[in-house]
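**Q** What follows is final-v8.cif; its format and atoms are mmCIF, C-alpha atoms.
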```cif
data_target
loop_
_atom_site.label_atom_id
_atom_site.label_comp_id
_atom_site.auth_asym_id
_atom_site.auth_seq_id
_atom_site.Cartn_x
_atom_site.Cartn_y
_atom_site.Cartn_z
CA MET N 1 92.51 89.56 26.45
CA ASN N 2 95.63 88.51 24.62
CA PRO N 3 94.39 85.86 22.15
CA GLU N 4 97.72 84.06 22.19
CA HIS N 5 98.08 83.96 25.98
CA PRO N 6 94.84 83.32 27.90
CA GLY N 7 95.02 84.85 31.34
CA ALA N 8 97.67 87.37 30.32
CA GLU N 9 97.65 90.96 31.54
CA GLN N 10 95.80 93.70 29.71
CA ARG N 11 96.41 97.39 30.13
CA GLY N 12 94.06 100.30 29.65
CA THR N 13 93.71 103.85 30.93
CA VAL N 14 91.10 104.94 33.48
CA HIS N 15 91.07 108.48 34.89
CA GLY N 16 94.72 109.06 33.97
CA GLN N 17 95.99 105.86 35.58
CA ILE N 18 97.38 102.78 33.94
CA VAL N 19 95.06 99.90 34.73
CA GLU N 20 96.06 96.25 34.57
CA ARG N 21 93.28 93.71 34.19
CA HIS N 22 94.04 90.08 34.86
CA ALA N 23 91.55 87.98 32.93
CA ILE N 24 90.56 84.65 34.46
CA ALA N 25 90.99 81.67 32.16
CA GLY N 26 88.68 78.69 32.45
CA PRO N 27 89.75 75.05 32.24
CA ASP N 28 89.52 75.18 28.45
CA GLY N 29 91.80 78.22 28.32
CA ALA N 30 89.00 80.59 27.34
CA ALA N 31 88.64 83.91 29.10
CA ARG N 32 85.96 84.15 31.76
CA GLY N 33 85.94 87.94 31.98
CA ALA N 34 88.00 90.49 33.85
CA GLY N 35 89.11 89.44 37.28
CA THR N 36 90.97 91.69 39.68
CA THR N 37 91.72 95.20 38.47
CA ALA N 38 94.75 96.92 39.96
CA ALA N 39 95.35 100.59 39.26
CA VAL N 40 99.03 101.36 38.84
CA PRO N 41 99.83 105.11 38.91
CA ALA N 42 101.16 106.39 35.62
CA PRO N 43 104.64 107.27 37.03
CA PHE N 44 105.32 103.55 37.33
CA HIS N 45 104.34 102.57 33.84
CA GLU N 46 107.68 101.68 32.31
CA ALA N 47 106.85 103.28 28.96
CA THR N 48 106.53 106.82 30.32
CA ASP N 49 109.24 109.37 29.62
CA GLU N 50 108.79 110.79 33.10
CA LEU N 51 109.79 107.52 34.77
CA THR N 52 112.81 107.27 32.49
CA ARG N 53 113.94 110.77 33.46
CA PHE N 54 113.31 110.03 37.14
CA MET N 55 115.43 106.87 37.09
CA MET N 56 118.12 108.39 34.89
CA VAL N 57 119.17 110.88 37.57
CA TYR N 58 119.76 108.05 40.07
CA LYS N 59 121.68 106.10 37.44
CA PHE N 60 123.95 109.11 36.93
CA GLY N 61 124.41 109.57 40.69
CA LEU N 62 125.40 105.93 40.99
CA ALA N 63 127.91 106.34 38.16
CA GLU N 64 129.44 109.37 39.91
CA ILE N 65 129.91 107.60 43.23
CA ARG N 66 131.21 104.45 41.49
CA THR N 67 133.85 106.53 39.72
CA LYS N 68 134.99 108.02 43.03
CA ILE N 69 135.29 104.56 44.59
CA ASP N 70 137.18 103.18 41.58
CA ILE N 71 139.64 106.08 41.78
CA LEU N 72 140.20 105.44 45.49
CA ALA N 73 140.68 101.71 44.90
CA GLU N 74 143.24 102.22 42.15
CA GLU N 75 145.16 104.86 44.08
CA LEU N 76 145.22 102.77 47.28
CA ALA N 77 146.39 99.72 45.34
CA HIS N 78 149.51 101.66 44.28
CA ARG N 79 150.40 102.86 47.77
CA GLY N 80 152.17 99.61 48.50
CA THR N 81 150.14 98.75 51.61
CA GLY N 82 147.40 96.85 49.78
CA ASN N 83 144.01 97.85 48.49
CA PRO N 84 141.43 97.73 51.33
CA ILE N 85 138.56 97.48 48.83
CA GLU N 86 137.88 93.87 47.87
CA HIS N 87 134.96 94.45 45.51
CA VAL N 88 132.13 96.86 44.75
CA ASN N 89 128.52 96.08 43.89
CA PRO N 90 126.27 98.91 42.62
CA ARG N 91 122.51 98.50 42.30
CA LEU N 92 119.54 100.56 41.17
CA LYS N 93 116.07 99.74 42.48
CA SER N 94 113.54 98.73 39.85
CA ALA N 95 110.26 100.60 39.46
CA ALA N 96 108.46 97.64 41.04
CA SER N 97 110.81 97.65 44.03
CA ILE N 98 110.35 101.40 44.50
CA ALA N 99 106.56 101.01 44.38
CA ALA N 100 106.68 98.16 46.90
CA LYS N 101 108.76 100.21 49.34
CA ALA N 102 106.50 103.23 48.86
CA ARG N 103 103.49 101.13 49.83
CA ARG N 104 105.36 99.67 52.80
CA ILE N 105 106.25 103.09 54.23
CA GLU N 106 102.94 104.64 53.13
CA CYS N 107 104.62 107.06 50.75
CA PRO N 108 102.37 108.60 48.07
CA LEU N 109 103.28 107.44 44.58
CA THR N 110 104.34 110.81 43.25
CA PHE N 111 107.82 111.64 42.07
CA ASP N 112 108.22 114.49 44.56
CA ASP N 113 107.30 112.25 47.50
CA LEU N 114 109.51 109.43 46.27
CA ARG N 115 112.49 111.78 45.95
CA ALA N 116 111.95 113.11 49.45
CA ARG N 117 111.22 109.88 51.30
CA ILE N 118 113.02 107.03 49.54
CA ARG N 119 116.73 107.65 49.84
CA ASP N 120 118.10 104.30 48.70
CA ILE N 121 116.89 104.12 45.10
CA ALA N 122 120.56 104.17 44.12
CA GLY N 123 122.89 102.09 46.24
CA ILE N 124 126.39 100.70 46.25
CA ARG N 125 128.05 98.10 48.47
CA ILE N 126 131.76 98.32 49.21
CA VAL N 127 133.29 95.15 50.62
CA CYS N 128 136.55 95.73 52.48
CA SER N 129 139.21 93.44 53.88
CA PHE N 130 139.04 94.42 57.55
CA VAL N 131 136.84 96.40 59.94
CA SER N 132 139.31 99.28 60.16
CA ASP N 133 139.26 99.47 56.35
CA VAL N 134 135.50 100.03 56.42
CA TYR N 135 135.89 103.21 58.45
CA THR N 136 138.97 104.34 56.52
CA VAL N 137 137.24 104.06 53.15
CA ALA N 138 134.07 105.70 54.50
CA ASP N 139 136.14 108.61 55.80
CA MET N 140 138.03 108.99 52.51
CA LEU N 141 134.76 109.08 50.60
CA THR N 142 132.82 111.45 52.84
CA ARG N 143 135.72 113.91 53.18
CA GLN N 144 135.53 114.69 49.47
CA PRO N 145 134.10 118.21 49.11
CA ASP N 146 131.32 117.25 46.69
CA VAL N 147 130.11 114.30 48.77
CA ASN N 148 127.57 115.41 51.35
CA PRO N 149 127.00 112.91 54.20
CA VAL N 150 123.32 112.97 55.15
CA GLN N 151 122.85 109.96 57.43
CA THR N 152 124.97 107.30 59.13
CA LYS N 153 123.77 104.01 60.62
CA ASP N 154 126.59 102.04 62.19
CA TYR N 155 125.47 98.43 62.49
CA ILE N 156 129.06 97.38 63.18
CA ALA N 157 129.26 99.32 66.44
CA LYS N 158 125.68 98.36 67.22
CA PRO N 159 124.61 95.23 65.28
CA LYS N 160 120.98 94.50 64.52
CA ASP N 161 119.20 91.97 66.72
CA ASN N 162 119.64 89.25 64.10
CA GLY N 163 123.41 89.80 64.06
CA TYR N 164 123.61 91.89 60.88
CA ARG N 165 126.68 94.13 60.68
CA SER N 166 127.45 96.85 58.16
CA LEU N 167 128.07 100.58 57.98
CA HIS N 168 125.27 102.35 56.12
CA LEU N 169 125.65 105.88 54.78
CA ILE N 170 123.32 108.10 52.82
CA VAL N 171 125.34 110.62 50.85
CA GLU N 172 124.30 113.21 48.30
CA ILE N 173 126.34 113.55 45.14
CA PRO N 174 125.92 116.38 42.59
CA VAL N 175 124.87 115.38 39.09
CA PHE N 176 125.41 118.05 36.45
CA LEU N 177 122.62 117.92 33.88
CA SER N 178 122.30 120.15 30.82
CA ASP N 179 120.14 122.70 32.63
CA GLN N 180 120.59 122.08 36.36
CA VAL N 181 122.60 120.44 39.12
CA VAL N 182 120.77 117.75 41.08
CA ALA N 183 121.89 116.48 44.49
CA VAL N 184 121.25 112.74 44.21
CA PRO N 185 121.05 110.57 47.34
CA VAL N 186 122.96 107.30 47.22
CA GLU N 187 123.02 104.62 49.90
CA VAL N 188 126.56 103.37 50.55
CA GLN N 189 126.95 100.11 52.46
CA LEU N 190 130.41 99.21 53.70
CA ARG N 191 131.20 95.85 55.25
CA THR N 192 133.96 93.28 55.54
CA VAL N 193 134.25 90.05 53.57
CA ALA N 194 133.08 88.12 56.64
CA MET N 195 130.07 90.41 57.12
CA ASP N 196 129.19 90.09 53.44
CA PHE N 197 129.49 86.30 53.60
CA TRP N 198 127.10 86.14 56.56
CA ALA N 199 124.59 88.64 55.12
CA SER N 200 124.48 86.93 51.71
CA LEU N 201 123.87 83.47 53.13
CA GLU N 202 121.45 84.72 55.78
CA HIS N 203 119.39 86.26 52.97
CA LYS N 204 119.37 82.96 51.07
CA ILE N 205 118.31 81.05 54.18
CA TYR N 206 115.45 83.46 54.89
CA TYR N 207 114.41 84.05 51.27
CA LYS N 208 110.74 83.12 50.73
CA HIS N 209 110.70 81.43 54.14
CA ASN N 210 107.60 81.52 56.29
CA PRO N 211 107.67 84.77 58.33
CA ASP N 212 107.53 82.72 61.53
CA ILE N 213 111.19 81.75 61.62
CA PRO N 214 111.84 79.22 64.42
CA PRO N 215 113.58 80.90 67.37
CA ALA N 216 116.31 78.25 67.35
CA LEU N 217 117.19 79.14 63.75
CA ARG N 218 117.28 82.86 64.56
CA ASP N 219 119.57 82.18 67.52
CA GLU N 220 121.89 80.03 65.44
CA LEU N 221 122.16 82.67 62.71
CA ALA N 222 122.92 85.33 65.32
CA ALA N 223 125.59 83.06 66.79
CA ALA N 224 127.07 82.61 63.31
CA ALA N 225 127.25 86.41 63.00
CA GLU N 226 129.21 86.52 66.26
CA ASP N 227 131.56 83.86 64.89
CA ALA N 228 132.10 85.97 61.77
CA ALA N 229 132.83 89.04 63.92
CA ARG N 230 135.42 87.12 65.93
CA LEU N 231 136.99 85.91 62.68
CA ASP N 232 137.16 89.53 61.47
CA LYS N 233 139.07 90.56 64.59
CA ARG N 234 141.40 87.58 64.42
CA MET N 235 142.27 88.04 60.74
CA GLU N 236 142.90 91.76 61.19
CA ARG N 237 145.17 91.07 64.16
CA LEU N 238 147.14 88.52 62.14
CA HIS N 239 147.44 90.93 59.23
CA GLN N 240 148.76 93.69 61.48
CA GLU N 241 151.26 91.36 63.15
CA ILE N 242 152.72 90.47 59.77
CA HIS N 243 152.35 93.72 57.81
CA GLY N 244 151.75 96.34 60.48
CA PRO N 245 148.78 98.74 60.37
CA ARG N 246 147.79 100.23 57.03
CA ARG N 247 149.12 103.73 56.46
#
```
Spit out the file's structure as structure tokens when you get a sec.

**A**
Amino acid sequence: MNPEHPGAEQRGTVHGQIVERHAIAGPDGAARGAGTTAAVPAPFHEATDELTRFMMVYKFGLAEIRTKIDILAEELAHRGTGNPIEHVNPRLKSAASIAAKARRIECPLTFDDLRARIRDIAGIRIVCSFVSDVYTVADMLTRQPDVNPVQTKDYIAKPKDNGYRSLHLIVEIPVFLSDQVVAVPVEVQLRTVAMDFWASLEHKIYYKHNPDIPPALRDELAAAAEDAARLDKRMERLHQEIHGPRR
């Protein structure tokens, strides 16, 4: 028990696993003994060197793909036809998020299993101006000889039931370490500004909401996604009428 913080977590080691004990504090703030005990596998204890090495590879893979996208964006901006990339948002899952997904998909909490089954530890979102730009940028990226496309899920051609639209790719990018080359999977999401607007606000509306979302709300959000899709088409048509298609 932490004497300065009644009820705070304690950690110990049992059979090679990090164990967190949550002491129960009484009304006077005094400890009432150990409550629930949750065993957290050692790979997810943030102080371990192994976890650091595991996450570092994904960090490097994300840096590699970000550099490629930045190069494309700068080159395209100087073509004279406008940069189709509006902004880029990289992200790396936390250890807690990885553990939560592993439990959700019933993946054993070993580094080998996590590498094999969780392919979106590193991810990057590319927001483009128009729908055609999404496919153009995706093609430019995946045609590079050291980018290996592994999986494509086109939620623009076939939106999810809730109206979500985006192009999802899993690509592998080589990371050159001191003693080996590692093919690191990175999830690349490409979407338009309108798609990003809808997805961001839809997430805020649903965040921490009761799982039983009223059907009327689901229908209205799906209708809003259709409105955003129509706006995408209209804005791209107007752009092409004024500037012609991008070259």

**Q** Would you compute the distance between atom CA of N:Ala100 and atom CA of N:Ala116? Give it in Å to one decimal.

**A**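 Atom CA of N:Ala116 lies 16.1 Å from atom CA of N:Ala100.
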
**Q** Name the closest residue to N:Ile121 among the candidates N:His239, N:Arg91, N:Arg79, N:Arg230; distances are taken between atoms, counting all atoms listed in the file.

**A**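 Closest to N:Ile121, using all atoms listed in the file: N:Arg91.
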
**Q** Give me, as a tab-separated table, the closest atom pair and its distance (Å, one decimal) for every residue of stretch 117-154 of chain N within a cut-off of 12 Å of stretch 189-207 of chain N, counting only C-alpha atoms, rows sorted by chain and rising number.

**A**
```
residue	atom	partner	partner_atom	distance
N:Asp120	CA	N:Gln189	CA	10.5
N:Ala122	CA	N:Gln189	CA	11.3
N:Gly123	CA	N:Gln189	CA	7.7
N:Ile124	CA	N:Gln189	CA	6.3
N:Arg125	CA	N:Gln189	CA	4.6
N:Ile126	CA	N:Leu190	CA	4.8
N:Val127	CA	N:Arg191	CA	5.1
N:Cys128	CA	N:Thr192	CA	4.7
N:Ser129	CA	N:Thr192	CA	5.5
N:Phe130	CA	N:Thr192	CA	5.6
N:Val131	CA	N:Thr192	CA	6.1
N:Ser132	CA	N:Thr192	CA	9.3
N:Asp133	CA	N:Thr192	CA	8.2
N:Val134	CA	N:Leu190	CA	5.8
N:Tyr135	CA	N:Leu190	CA	8.3
N:Thr136	CA	N:Leu190	CA	10.4
N:Val137	CA	N:Leu190	CA	8.4
N:Ala138	CA	N:Leu190	CA	7.5
N:Asp139	CA	N:Leu190	CA	11.2
N:Leu141	CA	N:Leu190	CA	11.2
N:Gln151	CA	N:Gln189	CA	11.8
N:Thr152	CA	N:Gln189	CA	10.0
N:Lys153	CA	N:Gln189	CA	9.6
N:Asp154	CA	N:Leu190	CA	9.7
```

**Q** Return the single residue from N:Pro108, N:Pro245, N:Gly61, N:Pro149 that is closest to N:Pro90, with distances computed using only C-alpha atoms.

**A**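 Checking each candidate against N:Pro90, we get N:Gly61 as the closest.
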
**Q** Between atom CA of N:Lys59 and atom CA of N:Pro84, measure the distance and give it in Å to one decimal.

**A** 25.6 Å

**Q** I'd like the residues picked by the PyMOL selection byres ((chain N and resi 68-72) around 10) written out as an NGL selection string, using the chain letters and numbers from the file.

**A** :N and (63-67 or 73-77 or 83-85 or 87-88 or 124 or 126 or 137 or 140-141 or 144 or 147)

**Q** Can you work out which one of N:His243, N:Ala222, N:Glu172, N:Leu217 has the shortest atom-to-atom distance to N:Thr142, counting all atoms listed in the file?

**A**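 Looking at the shortest contact to N:Thr142, the residue is N:Glu172.
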
**Q** Compare N:Arg119, N:Arg237, N:His78, N:Arg218 by their minimum atom-to-atom distance to N:Val171, counting only C-alpha atoms, and give me the closest one.

**A**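 The shortest atom-to-atom distance to N:Val171 comes from N:Arg119.
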
**Q** Can you work out which one of N:Gly163, N:Gly244, N:Pro145, N:Pro185 has the shortest atom-to-atom distance to N:Leu92, counting only C-alpha atoms?

**A** N:Pro185

**Q** From the list N:Ser166, N:Val182, N:Asp161, N:Leu238, which residue is nearest N:Leu221 when using only C-alpha atoms?

**A**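 Result for the nearest residue to N:Leu221: N:Asp161.
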
**Q** What is the atom CA of N:Gly82 to atom CA of N:Arg143 distance in Å?

**A**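 According to the coordinates, atom CA of N:Gly82 and atom CA of N:Arg143 are separated by 21.0 Å.
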
**Q** Would you mind listing what lies within 9 Å of N:Ile118 as a PyMOL selection string, with only C-alpha atoms counted and same-chain residues fewer than 3 positions away left out?

**A** chain N and resi 98+101-102+107+113-115+121

**Q** Please return the centre and edge lengths, in Å to one decimal, of a box with edges along x, y and z that contains all listed atoms of stretch 228-247 of chain N, widened by 4 Å on every side, as JSON.

**A**
```
{"center_x": 142.4, "center_y": 94.8, "center_z": 61.2, "size_x": 28.6, "size_y": 25.8, "size_z": 17.5}
```

**Q** Need to verify the contact set: N:Ile170, 6 Å, all atoms listed in the file, exclusion of same-chain residues closer than 2 positions in sequence. Can you return it as a ChimeraX atom specification?

**A** /N:150-151,186-187
